[in-house]
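Asker: Pasting final_35.cif below, which is mmCIF, C-alpha atoms.
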```
data_entry
loop_
_atom_site.group_PDB
_atom_site.id
_atom_site.type_symbol
_atom_site.label_atom_id
_atom_site.label_comp_id
_atom_site.auth_asym_id
_atom_site.auth_seq_id
_atom_site.Cartn_x
_atom_site.Cartn_y
_atom_site.Cartn_z
ATOM 1 C CA MET A 1 -70.335 131.575 -42.086
ATOM 2 C CA TYR A 2 -70.497 134.103 -39.260
ATOM 3 C CA LEU A 3 -72.472 134.317 -36.041
ATOM 4 C CA CYS A 4 -73.620 137.899 -35.647
ATOM 5 C CA ILE A 5 -74.868 139.116 -32.251
ATOM 6 C CA ASP A 6 -76.759 142.402 -31.895
ATOM 7 C CA ILE A 7 -77.043 143.265 -28.193
ATOM 8 C CA GLY A 8 -79.610 145.960 -27.501
ATOM 9 C CA GLY A 9 -80.824 147.608 -24.342
ATOM 10 C CA THR A 10 -84.052 145.584 -24.502
ATOM 11 C CA LYS A 11 -83.525 142.689 -26.941
ATOM 12 C CA THR A 12 -80.618 140.621 -28.228
ATOM 13 C CA LEU A 13 -80.690 139.251 -31.768
ATOM 14 C CA ILE A 14 -78.419 136.447 -32.989
ATOM 15 C CA ALA A 15 -78.158 135.504 -36.658
ATOM 16 C CA LEU A 16 -76.197 132.964 -38.658
ATOM 17 C CA VAL A 17 -75.020 134.683 -41.849
ATOM 18 C CA ASN A 18 -73.363 132.995 -44.807
ATOM 19 C CA HIS A 19 -70.391 134.311 -46.807
ATOM 20 C CA ARG A 20 -72.710 136.301 -49.099
ATOM 21 C CA GLY A 21 -74.542 138.072 -46.298
ATOM 22 C CA LYS A 22 -77.675 135.919 -46.379
ATOM 23 C CA ILE A 23 -79.291 135.289 -43.010
ATOM 24 C CA LEU A 24 -79.807 131.558 -42.590
ATOM 25 C CA HIS A 25 -81.260 131.430 -39.082
ATOM 26 C CA SER A 26 -81.961 133.906 -36.292
ATOM 27 C CA ILE A 27 -83.269 134.012 -32.724
ATOM 28 C CA LYS A 28 -84.160 136.830 -30.342
ATOM 29 C CA PHE A 29 -84.404 137.057 -26.571
ATOM 30 C CA GLU A 30 -84.694 139.710 -23.876
ATOM 31 C CA THR A 31 -81.390 141.263 -22.801
ATOM 32 C CA ILE A 32 -80.756 140.306 -19.180
ATOM 33 C CA PRO A 33 -79.550 143.351 -17.178
ATOM 34 C CA ASP A 34 -77.067 141.337 -15.094
ATOM 35 C CA GLN A 35 -73.798 141.092 -17.051
ATOM 36 C CA LYS A 36 -72.801 137.628 -15.821
ATOM 37 C CA LEU A 37 -76.268 136.131 -16.226
ATOM 38 C CA PHE A 38 -76.559 137.659 -19.686
ATOM 39 C CA TYR A 39 -73.392 135.981 -20.914
ATOM 40 C CA GLU A 40 -74.421 132.647 -19.410
ATOM 41 C CA HIS A 41 -77.776 132.852 -21.214
ATOM 42 C CA LEU A 42 -76.151 133.975 -24.460
ATOM 43 C CA SER A 43 -73.678 131.093 -24.341
ATOM 44 C CA GLN A 44 -76.498 128.651 -23.702
ATOM 45 C CA GLN A 45 -78.531 129.981 -26.631
ATOM 46 C CA LEU A 46 -75.531 129.715 -28.950
ATOM 47 C CA LYS A 47 -75.007 126.076 -27.990
ATOM 48 C CA ILE A 48 -78.672 125.160 -28.309
ATOM 49 C CA ASN A 49 -79.526 126.977 -31.549
ATOM 50 C CA PHE A 50 -76.316 127.029 -33.610
ATOM 51 C CA VAL A 51 -73.527 124.691 -34.691
ATOM 52 C CA THR A 52 -70.613 126.919 -33.730
ATOM 53 C CA ASP A 53 -67.960 124.569 -35.142
ATOM 54 C CA GLU A 54 -69.015 125.630 -38.660
ATOM 55 C CA ILE A 55 -68.502 129.382 -38.241
ATOM 56 C CA LEU A 56 -65.429 131.447 -39.078
ATOM 57 C CA ALA A 57 -65.945 134.109 -36.424
ATOM 58 C CA PHE A 58 -68.301 135.936 -34.098
ATOM 59 C CA SER A 59 -69.220 139.561 -34.676
ATOM 60 C CA VAL A 60 -70.791 141.419 -31.762
ATOM 61 C CA ALA A 61 -72.599 144.758 -31.775
ATOM 62 C CA MET A 62 -72.873 146.485 -28.401
ATOM 63 C CA PRO A 63 -74.373 149.835 -27.356
ATOM 64 C CA GLY A 64 -72.041 152.428 -25.908
ATOM 65 C CA ILE A 65 -68.302 152.836 -26.287
ATOM 66 C CA VAL A 66 -66.045 150.070 -27.605
ATOM 67 C CA LYS A 67 -62.270 150.337 -27.222
ATOM 68 C CA ASP A 68 -59.723 147.734 -28.324
ATOM 69 C CA ASN A 69 -62.444 145.167 -29.042
ATOM 70 C CA LYS A 70 -63.967 145.558 -25.540
ATOM 71 C CA ALA A 71 -67.095 147.406 -24.425
ATOM 72 C CA THR A 72 -66.017 149.915 -21.778
ATOM 73 C CA TRP A 73 -69.340 151.726 -21.250
ATOM 74 C CA LEU A 74 -72.765 150.548 -22.372
ATOM 75 C CA GLY A 75 -75.170 153.437 -21.939
ATOM 76 C CA ASN A 76 -78.588 151.968 -21.149
ATOM 77 C CA LEU A 77 -77.137 148.720 -19.818
ATOM 78 C CA PRO A 78 -75.533 148.573 -16.337
ATOM 79 C CA TRP A 79 -72.374 146.915 -17.662
ATOM 80 C CA LYS A 80 -68.799 148.094 -17.951
ATOM 81 C CA ASN A 81 -65.510 146.698 -19.217
ATOM 82 C CA PHE A 82 -67.321 143.761 -20.796
ATOM 83 C CA ASP A 83 -64.720 141.727 -22.684
ATOM 84 C CA ILE A 84 -67.226 139.541 -24.464
ATOM 85 C CA ALA A 85 -64.768 138.816 -27.301
ATOM 86 C CA LYS A 86 -62.356 137.158 -24.880
ATOM 87 C CA LYS A 87 -65.146 135.067 -23.376
ATOM 88 C CA LEU A 88 -66.489 133.903 -26.739
ATOM 89 C CA THR A 89 -63.036 133.041 -28.058
ATOM 90 C CA LYS A 90 -62.212 131.086 -24.897
ATOM 91 C CA ASP A 91 -65.499 129.161 -24.857
ATOM 92 C CA PHE A 92 -65.993 128.525 -28.588
ATOM 93 C CA LYS A 93 -62.424 128.665 -29.970
ATOM 94 C CA LYS A 94 -63.355 131.221 -32.624
ATOM 95 C CA PRO A 95 -62.224 134.845 -33.106
ATOM 96 C CA ALA A 96 -64.700 137.529 -32.057
ATOM 97 C CA TYR A 97 -64.905 141.135 -33.241
ATOM 98 C CA VAL A 98 -66.760 143.817 -31.271
ATOM 99 C CA GLU A 99 -67.970 147.258 -32.380
ATOM 100 C CA ASN A 100 -70.615 149.816 -31.431
ATOM 101 C CA ASP A 101 -74.066 148.785 -32.641
ATOM 102 C CA ALA A 102 -74.936 152.043 -34.409
ATOM 103 C CA ASN A 103 -71.583 152.065 -36.217
ATOM 104 C CA LEU A 104 -72.362 148.593 -37.496
ATOM 105 C CA GLY A 105 -75.913 149.623 -38.391
ATOM 106 C CA ALA A 106 -74.456 152.437 -40.469
ATOM 107 C CA LEU A 107 -71.997 150.032 -42.083
ATOM 108 C CA GLY A 108 -74.745 147.555 -42.953
ATOM 109 C CA GLU A 109 -77.001 150.214 -44.459
ATOM 110 C CA ALA A 110 -74.290 152.083 -46.381
ATOM 111 C CA ARG A 111 -72.806 149.025 -48.080
ATOM 112 C CA ASN A 112 -71.518 149.842 -51.595
ATOM 113 C CA ASN A 113 -72.501 153.495 -51.139
ATOM 114 C CA PRO A 114 -69.712 156.058 -51.748
ATOM 115 C CA GLU A 115 -71.659 158.850 -50.036
ATOM 116 C CA ARG A 116 -71.287 160.127 -46.482
ATOM 117 C CA CYS A 117 -74.128 158.400 -44.666
ATOM 118 C CA LEU A 118 -75.400 159.321 -41.218
ATOM 119 C CA TYR A 119 -77.337 156.524 -39.532
ATOM 120 C CA PHE A 120 -79.638 156.912 -36.532
ATOM 121 C CA THR A 121 -81.459 154.219 -34.618
ATOM 122 C CA PHE A 122 -84.387 155.459 -32.533
ATOM 123 C CA SER A 123 -85.034 152.533 -30.225
ATOM 124 C CA THR A 124 -84.443 151.969 -26.471
ATOM 125 C CA GLY A 125 -82.008 154.876 -26.810
ATOM 126 C CA ILE A 126 -80.707 156.843 -29.787
ATOM 127 C CA GLY A 127 -77.561 155.578 -31.444
ATOM 128 C CA GLY A 128 -75.715 157.017 -34.406
ATOM 129 C CA GLY A 129 -72.943 156.146 -36.801
ATOM 130 C CA VAL A 130 -71.209 157.794 -39.752
ATOM 131 C CA VAL A 131 -69.924 155.886 -42.763
ATOM 132 C CA SER A 132 -68.138 157.369 -45.763
ATOM 133 C CA ASP A 133 -67.183 155.364 -48.847
ATOM 134 C CA GLY A 134 -68.243 152.178 -47.072
ATOM 135 C CA LYS A 135 -66.042 152.703 -43.995
ATOM 136 C CA ILE A 136 -66.784 153.819 -40.438
ATOM 137 C CA VAL A 137 -65.505 157.381 -39.990
ATOM 138 C CA LYS A 138 -63.050 157.245 -37.070
ATOM 139 C CA LYS A 139 -63.819 160.810 -35.992
ATOM 140 C CA TYR A 140 -67.340 159.675 -35.079
ATOM 141 C CA GLN A 141 -66.506 156.200 -33.784
ATOM 142 C CA ASP A 142 -67.640 157.155 -30.254
ATOM 143 C CA PHE A 143 -70.528 159.258 -31.527
ATOM 144 C CA GLU A 144 -73.264 158.449 -28.922
ATOM 145 C CA PRO A 145 -75.662 161.243 -30.051
ATOM 146 C CA GLY A 146 -78.470 160.091 -27.774
ATOM 147 C CA HIS A 147 -76.614 161.461 -24.757
ATOM 148 C CA ASN A 148 -76.281 164.983 -26.156
ATOM 149 C CA LEU A 149 -78.137 167.530 -24.040
ATOM 150 C CA TYR A 150 -80.842 169.754 -25.529
ATOM 151 C CA THR A 151 -83.325 172.199 -24.023
ATOM 152 C CA TYR A 152 -86.942 171.304 -24.679
ATOM 153 C CA HIS A 153 -89.752 173.450 -23.262
ATOM 154 C CA GLY A 154 -87.321 175.060 -20.836
ATOM 155 C CA LYS A 155 -85.845 171.805 -19.502
ATOM 156 C CA LYS A 156 -82.429 170.370 -20.452
ATOM 157 C CA GLU A 157 -82.482 166.628 -21.126
ATOM 158 C CA GLU A 158 -80.612 163.957 -23.072
ATOM 159 C CA TRP A 159 -81.898 163.614 -26.615
ATOM 160 C CA GLU A 160 -82.839 159.962 -26.164
ATOM 161 C CA ASP A 161 -84.964 160.815 -23.122
ATOM 162 C CA LEU A 162 -86.988 163.034 -25.437
ATOM 163 C CA ALA A 163 -87.013 161.240 -28.794
ATOM 164 C CA ALA A 164 -86.064 157.565 -28.413
ATOM 165 C CA ALA A 165 -88.891 155.159 -29.276
ATOM 166 C CA SER A 166 -88.970 153.930 -25.675
ATOM 167 C CA ALA A 167 -89.327 157.487 -24.331
ATOM 168 C CA LEU A 168 -92.168 158.211 -26.761
ATOM 169 C CA ASN A 169 -93.909 154.945 -25.902
ATOM 170 C CA LYS A 170 -93.816 155.989 -22.250
ATOM 171 C CA LYS A 171 -94.989 159.538 -22.906
ATOM 172 C CA TYR A 172 -97.935 158.658 -25.141
ATOM 173 C CA GLY A 173 -98.856 155.313 -23.587
ATOM 174 C CA LYS A 174 -98.663 153.517 -26.912
ATOM 175 C CA LEU A 175 -96.128 152.217 -29.417
ATOM 176 C CA VAL A 176 -94.952 154.629 -32.123
ATOM 177 C CA THR A 177 -96.480 152.239 -34.665
ATOM 178 C CA GLU A 178 -99.879 152.933 -33.087
ATOM 179 C CA ILE A 179 -99.708 156.737 -33.201
ATOM 180 C CA THR A 180 -101.937 158.253 -35.882
ATOM 181 C CA ASP A 181 -102.903 161.827 -34.937
ATOM 182 C CA ARG A 182 -101.056 164.675 -36.623
ATOM 183 C CA ALA A 183 -100.503 166.774 -33.487
ATOM 184 C CA THR A 184 -98.592 163.952 -31.832
ATOM 185 C CA TRP A 185 -96.415 163.431 -34.889
ATOM 186 C CA ASP A 186 -95.701 167.183 -34.986
ATOM 187 C CA ASP A 187 -94.465 166.934 -31.396
ATOM 188 C CA ILE A 188 -92.338 163.875 -32.232
ATOM 189 C CA ILE A 189 -90.779 165.685 -35.195
ATOM 190 C CA GLU A 190 -89.955 168.660 -32.969
ATOM 191 C CA ARG A 191 -88.220 166.305 -30.545
ATOM 192 C CA MET A 192 -86.286 164.572 -33.333
ATOM 193 C CA LEU A 193 -85.144 167.896 -34.775
ATOM 194 C CA LEU A 194 -83.440 168.850 -31.508
ATOM 195 C CA GLY A 195 -80.564 166.560 -32.466
ATOM 196 C CA LEU A 196 -81.105 166.092 -36.187
ATOM 197 C CA ALA A 197 -80.704 169.747 -37.110
ATOM 198 C CA PRO A 198 -77.364 170.504 -35.374
ATOM 199 C CA LEU A 199 -75.852 167.101 -36.176
ATOM 200 C CA THR A 200 -76.808 167.389 -39.843
ATOM 201 C CA ALA A 201 -75.307 170.886 -39.950
ATOM 202 C CA SER A 202 -72.003 169.743 -38.437
ATOM 203 C CA ILE A 203 -71.576 166.339 -40.148
ATOM 204 C CA LYS A 204 -73.041 167.377 -43.527
ATOM 205 C CA PRO A 205 -74.169 163.927 -44.689
ATOM 206 C CA ASP A 206 -75.382 163.173 -48.183
ATOM 207 C CA ARG A 207 -77.891 160.729 -46.767
ATOM 208 C CA ILE A 208 -79.541 160.173 -43.387
ATOM 209 C CA ILE A 209 -80.729 156.637 -42.705
ATOM 210 C CA PHE A 210 -83.384 156.054 -40.057
ATOM 211 C CA GLY A 211 -83.573 152.791 -38.116
ATOM 212 C CA GLY A 212 -85.171 151.500 -34.940
ATOM 213 C CA PRO A 213 -88.936 151.379 -34.305
ATOM 214 C CA LEU A 214 -89.360 155.150 -34.736
ATOM 215 C CA GLY A 215 -86.986 155.400 -37.688
ATOM 216 C CA LEU A 216 -88.766 152.637 -39.576
ATOM 217 C CA GLU A 217 -91.968 154.707 -39.425
ATOM 218 C CA LEU A 218 -90.237 157.409 -41.524
ATOM 219 C CA PRO A 219 -92.665 157.197 -44.509
ATOM 220 C CA ARG A 220 -95.432 158.459 -42.222
ATOM 221 C CA TYR A 221 -93.652 161.708 -41.348
ATOM 222 C CA ARG A 222 -90.819 162.113 -43.900
ATOM 223 C CA ARG A 223 -92.400 165.016 -45.796
ATOM 224 C CA ALA A 224 -93.030 167.069 -42.642
ATOM 225 C CA LEU A 225 -89.615 166.212 -41.193
ATOM 226 C CA ARG A 226 -87.851 167.119 -44.420
ATOM 227 C CA LYS A 227 -89.596 170.487 -44.586
ATOM 228 C CA ARG A 228 -88.793 171.343 -40.976
ATOM 229 C CA LEU A 229 -85.194 170.133 -41.241
ATOM 230 C CA SER A 230 -84.530 172.149 -44.416
ATOM 231 C CA LEU A 231 -85.694 175.317 -42.639
ATOM 232 C CA SER A 232 -83.367 174.565 -39.709
ATOM 233 C CA LEU A 233 -80.164 174.120 -41.721
ATOM 234 C CA PRO A 234 -77.677 176.886 -42.598
ATOM 235 C CA LYS A 235 -77.743 177.951 -46.243
ATOM 236 C CA ASN A 236 -74.324 176.429 -46.888
ATOM 237 C CA VAL A 237 -75.489 172.931 -45.838
ATOM 238 C CA ARG A 238 -77.163 170.854 -48.529
ATOM 239 C CA MET A 239 -80.352 169.051 -47.562
ATOM 240 C CA PRO A 240 -79.575 165.325 -47.306
ATOM 241 C CA VAL A 241 -81.732 162.527 -48.633
ATOM 242 C CA LEU A 242 -83.849 160.962 -45.866
ATOM 243 C CA VAL A 243 -84.373 157.197 -46.137
ATOM 244 C CA LYS A 244 -85.683 154.342 -44.038
ATOM 245 C CA ALA A 245 -83.217 151.572 -43.167
ATOM 246 C CA ARG A 246 -83.655 148.984 -45.919
ATOM 247 C CA HIS A 247 -82.604 146.076 -43.711
ATOM 248 C CA GLY A 248 -85.107 146.998 -41.005
ATOM 249 C CA SER A 249 -84.331 145.318 -37.691
ATOM 250 C CA PHE A 250 -81.406 143.457 -39.314
ATOM 251 C CA SER A 251 -79.310 146.537 -40.217
ATOM 252 C CA VAL A 252 -76.869 145.903 -37.375
ATOM 253 C CA ILE A 253 -76.642 142.198 -38.227
ATOM 254 C CA GLN A 254 -75.636 143.108 -41.785
ATOM 255 C CA GLY A 255 -72.994 145.442 -40.402
ATOM 256 C CA CYS A 256 -71.745 142.693 -38.085
ATOM 257 C CA TYR A 257 -71.317 140.421 -41.084
ATOM 258 C CA LEU A 258 -69.348 143.023 -43.078
ATOM 259 C CA TYR A 259 -67.198 143.900 -40.068
ATOM 260 C CA ALA A 260 -66.270 140.291 -39.339
ATOM 261 C CA LYS A 261 -65.648 139.511 -42.997
ATOM 262 C CA ALA A 262 -63.267 142.473 -43.326
ATOM 263 C CA HIS A 263 -61.333 141.442 -40.200
ATOM 264 C CA GLN A 264 -61.086 137.835 -41.331
ATOM 265 C CA LYS A 265 -59.474 138.988 -44.589
ATOM 266 C CA THR A 266 -56.681 140.692 -42.665
ATOM 267 C CA ARG A 267 -55.891 137.652 -40.519
#
```
Could you rewrite the structure in this file as structure tokens?
Answerer:
Amino acid sequence: MYLCIDIGGTKTLIALVNHRGKILHSIKFETIPDQKLFYEHLSQQLKINFVTDEILAFSVAMPGIVKDNKATWLGNLPWKNFDIAKKLTKDFKKPAYVENDANLGALGEARNNPERCLYFTFSTGIGGGVVSDGKIVKKYQDFEPGHNLYTYHGKKEEWEDLAAASALNKKYGKLVTEITDRATWDDIIERMLLGLAPLTASIKPDRIIFGGPLGLELPRYRRALRKRLSLSLPKNVRMPVLVKARHGSFSVIQGCYLYAKAHQKTR
């Protein structure tokens, strides 16, 4: 079994996953902004809610840039050089594997899929990962598309400040799940296309997978988004299939499981 930890800018999700990828137990708590206090709380939750002696390894998903199994920069979290793998291994005597959360989300969603899959999570920020033939594409390992700059109504801003679920919640004063009027969805689609169109043109995925609170609402706006995206792409770029993340809020957890399992095989 594996203990999979998905650390987000707002929430942290921990799940116990068996050798077949089945989630046996999970808990969620708010991500504490203070790095030291966060780890202390995480460690406490692991001890209270899970029997760590029975696991093979930890697998940790973190936002931002991960180098040599350590998070060096975490985007929406005020942390840096967070060697959580070292801490977990020292405290629980188990190996720990760390990777970017969107990369693992892409891995979890593209399992057994030979296509080039582009995964986006529209949540506290916007994360992205690229998987081809079931493997994370190294060229895009430090993708971080949410921090790309785009001009919207004459003002240059980061994409996630315009189209992340949290940014939209703030702008409209309601959750994206509560938005019903067409004009608002047209504006949201325009904001999403700022990054979707150029990234689709350059990466040329066969499939785009949408996760996060906004991404999981895809069935409500897929037809309009598909039409607008197809008009924005160069003629030599094939229109990809647009799908909602099938694992929902557990996409990253599934990727954590696959990532840890693959590393354990090479030990």
Asker: Could you please determine the separation between CA of Leu42 in chain A and CA of Thr177 in chain A in Å, to one decimal place?
Answerer: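 Result for CA of Leu42 in chain A versus CA of Thr177 in chain A: 29.2 Å, one decimal.
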Asker: I want to know what sits within 12 Å of Val17 in chain A, based on all atoms listed in the file, with residues of the same chain fewer than 4 positions away left out; could you give that as a list in words?
Answerer: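 Here the answer would be Met1, Tyr2, Leu3, Cys4, Ile5, Gly21, Lys22, Ile23, Leu24, His25, Ser26, Phe50, Glu54, Ile55, Leu56, Ala57, Phe58, Ser59, Phe250, Ile253, Gln254, Gly255, Cys256, Tyr257, Leu258, Ala260 and Lys261 of chain A.
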Asker: Residues of the last selection are to be written out with C-alpha atoms, as a PDB file, in the coordinates of the input.
Answerer:
```
ATOM      1  CA  MET A   1     -70.335 131.575 -42.086  1.00  0.00           C
ATOM      2  CA  TYR A   2     -70.497 134.103 -39.260  1.00  0.00           C
ATOM      3  CA  LEU A   3     -72.472 134.317 -36.041  1.00  0.00           C
ATOM      4  CA  CYS A   4     -73.620 137.899 -35.647  1.00  0.00           C
ATOM      5  CA  ILE A   5     -74.868 139.116 -32.251  1.00  0.00           C
ATOM      6  CA  GLY A  21     -74.542 138.072 -46.298  1.00  0.00           C
ATOM      7  CA  LYS A  22     -77.675 135.919 -46.379  1.00  0.00           C
ATOM      8  CA  ILE A  23     -79.291 135.289 -43.010  1.00  0.00           C
ATOM      9  CA  LEU A  24     -79.807 131.558 -42.590  1.00  0.00           C
ATOM     10  CA  HIS A  25     -81.260 131.430 -39.082  1.00  0.00           C
ATOM     11  CA  SER A  26     -81.961 133.906 -36.292  1.00  0.00           C
ATOM     12  CA  PHE A  50     -76.316 127.029 -33.610  1.00  0.00           C
ATOM     13  CA  GLU A  54     -69.015 125.630 -38.660  1.00  0.00           C
ATOM     14  CA  ILE A  55     -68.502 129.382 -38.241  1.00  0.00           C
ATOM     15  CA  LEU A  56     -65.429 131.447 -39.078  1.00  0.00           C
ATOM     16  CA  ALA A  57     -65.945 134.109 -36.424  1.00  0.00           C
ATOM     17  CA  PHE A  58     -68.301 135.936 -34.098  1.00  0.00           C
ATOM     18  CA  SER A  59     -69.220 139.561 -34.676  1.00  0.00           C
ATOM     19  CA  PHE A 250     -81.406 143.457 -39.314  1.00  0.00           C
ATOM     20  CA  ILE A 253     -76.642 142.198 -38.227  1.00  0.00           C
ATOM     21  CA  GLN A 254     -75.636 143.108 -41.785  1.00  0.00           C
ATOM     22  CA  GLY A 255     -72.994 145.442 -40.402  1.00  0.00           C
ATOM     23  CA  CYS A 256     -71.745 142.693 -38.085  1.00  0.00           C
ATOM     24  CA  TYR A 257     -71.317 140.421 -41.084  1.00  0.00           C
ATOM     25  CA  LEU A 258     -69.348 143.023 -43.078  1.00  0.00           C
ATOM     26  CA  ALA A 260     -66.270 140.291 -39.339  1.00  0.00           C
ATOM     27  CA  LYS A 261     -65.648 139.511 -42.997  1.00  0.00           C
TER      28      LYS A 261
END
```
Asker: If you count only C-alpha atoms, which residues fall within 10 Å of Ser202 in chain A, apart from same-chain ones fewer than 4 positions away, as a ChimeraX atom specification?
Answerer: /A:197-198,233,237
Asker: Neighbours of Lys11 in chain A within 8 Å (only C-alpha atoms; same-chain residues fewer than 3 positions away dropped), as a count of residues only?
Answerer: 6
Asker: List every residue of range 143-213 of chain A that has an atom at most 9 Å from any atom of range 225-231 of chain A, and for each one report the closest atom pair and its distance in Å to one decimal, counting all atoms listed in the file, with rows sorted by chain and then by increasing residue number, as a tab-separated table.
Answerer:
```
residue	atom	partner	partner_atom	distance
A:Asp186	CA	A:Leu225	CA	8.7
A:Ile189	CA	A:Leu225	CA	6.1
A:Glu190	CA	A:Arg228	CA	8.5
A:Met192	CA	A:Leu225	CA	8.7
A:Leu193	CA	A:Leu229	CA	6.8
A:Leu196	CA	A:Leu229	CA	7.7
A:Ala197	CA	A:Leu229	CA	6.1
A:Thr200	CA	A:Leu229	CA	8.9
```
Asker: Run the PyMOL selection byres ((chain A and resi 165) around 7) on the file and write out the hits as a list in words.
Answerer: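 Checked against the file, the PyMOL selection byres ((chain A and resi 165) around 7) matches Phe122, Ser123, Thr124, Ala163, Ala164, Ser166, Ala167, Leu168, Asn169, Val176, Pro213 and Leu214 of chain A.
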Asker: Running the PyMOL selection byres ((chain A and resi 203) around 10) on this model by hand, what would come out? Give it as a ChimeraX atom specification.
Answerer: /A:116-118,130,140,198-202,204-206,237
Asker: Between A:Arg111, A:Arg191, A:Arg223, A:Lys139, which is the closest to His247 in chain A once you count only C-alpha atoms?
Answerer: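 Nearest to His247 in chain A: A:Arg111.
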Asker: Which residues, named as in the file, does the PyMOL selection byres ((chain A and resi 72-82) around 9) pick out? Answer as a PyMOL selection string.
Answerer: chain A and resi 8-10+33-35+62-67+70-71+83-85+124-125+144+147
Asker: How many Å lie between CA of Ser132 in chain A and CA of Pro114 in chain A, rounded to one decimal?
Answerer: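 Taking CA of Ser132 in chain A and CA of Pro114 in chain A, their separation equals 6.3 Å.
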Asker: In Å to one decimal, how far is CA of Ala102 in chain A from CA of Gly128 in chain A?
Answerer: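 About the pair CA of Gly128 in chain A and CA of Ala102 in chain A: they are 5.0 Å apart.
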Asker: Could you write range 234-249 of chain A of the block just shown to a file containing N, CA and C atoms, as a short mmCIF file (atom, residue, chain, number, x, y, z; two decimals), in the first residue's frame?
Answerer:
```
data_model
loop_
_atom_site.label_atom_id
_atom_site.label_comp_id
_atom_site.auth_asym_id
_atom_site.auth_seq_id
_atom_site.Cartn_x
_atom_site.Cartn_y
_atom_site.Cartn_z
N PRO A 234 -4.19 27.09 -35.49
CA PRO A 234 -3.70 27.09 -36.87
C PRO A 234 -4.26 25.88 -37.63
N LYS A 235 -4.32 25.98 -38.93
CA LYS A 235 -4.91 24.90 -39.73
C LYS A 235 -4.13 23.60 -39.65
N ASN A 236 -2.84 23.69 -39.33
CA ASN A 236 -2.03 22.47 -39.27
C ASN A 236 -2.10 21.77 -37.90
N VAL A 237 -2.89 22.31 -36.97
CA VAL A 237 -3.03 21.71 -35.65
C VAL A 237 -4.41 21.05 -35.54
N ARG A 238 -4.40 19.76 -35.29
CA ARG A 238 -5.66 19.02 -35.17
C ARG A 238 -6.36 19.35 -33.85
N MET A 239 -7.68 19.49 -33.93
CA MET A 239 -8.46 19.78 -32.74
C MET A 239 -8.43 18.58 -31.79
N PRO A 240 -7.98 18.78 -30.56
CA PRO A 240 -7.92 17.66 -29.61
C PRO A 240 -9.30 17.33 -29.04
N VAL A 241 -9.40 16.17 -28.46
CA VAL A 241 -10.60 15.78 -27.74
C VAL A 241 -10.57 16.48 -26.38
N LEU A 242 -11.69 17.03 -25.95
CA LEU A 242 -11.78 17.71 -24.66
C LEU A 242 -12.57 16.85 -23.69
N VAL A 243 -11.96 16.47 -22.57
CA VAL A 243 -12.64 15.58 -21.62
C VAL A 243 -12.47 16.08 -20.19
N LYS A 244 -13.44 15.74 -19.37
CA LYS A 244 -13.37 16.03 -17.94
C LYS A 244 -12.55 14.95 -17.26
N ALA A 245 -11.78 15.34 -16.25
CA ALA A 245 -10.97 14.37 -15.49
C ALA A 245 -11.88 13.30 -14.90
N ARG A 246 -11.61 12.04 -15.23
CA ARG A 246 -12.50 10.96 -14.79
C ARG A 246 -12.35 10.63 -13.32
N HIS A 247 -11.20 10.98 -12.74
CA HIS A 247 -10.99 10.71 -11.31
C HIS A 247 -11.39 11.89 -10.43
N GLY A 248 -11.89 12.96 -11.04
CA GLY A 248 -12.36 14.10 -10.28
C GLY A 248 -11.28 14.69 -9.39
N SER A 249 -11.59 14.87 -8.12
CA SER A 249 -10.64 15.47 -7.18
C SER A 249 -9.54 14.50 -6.76
#
```
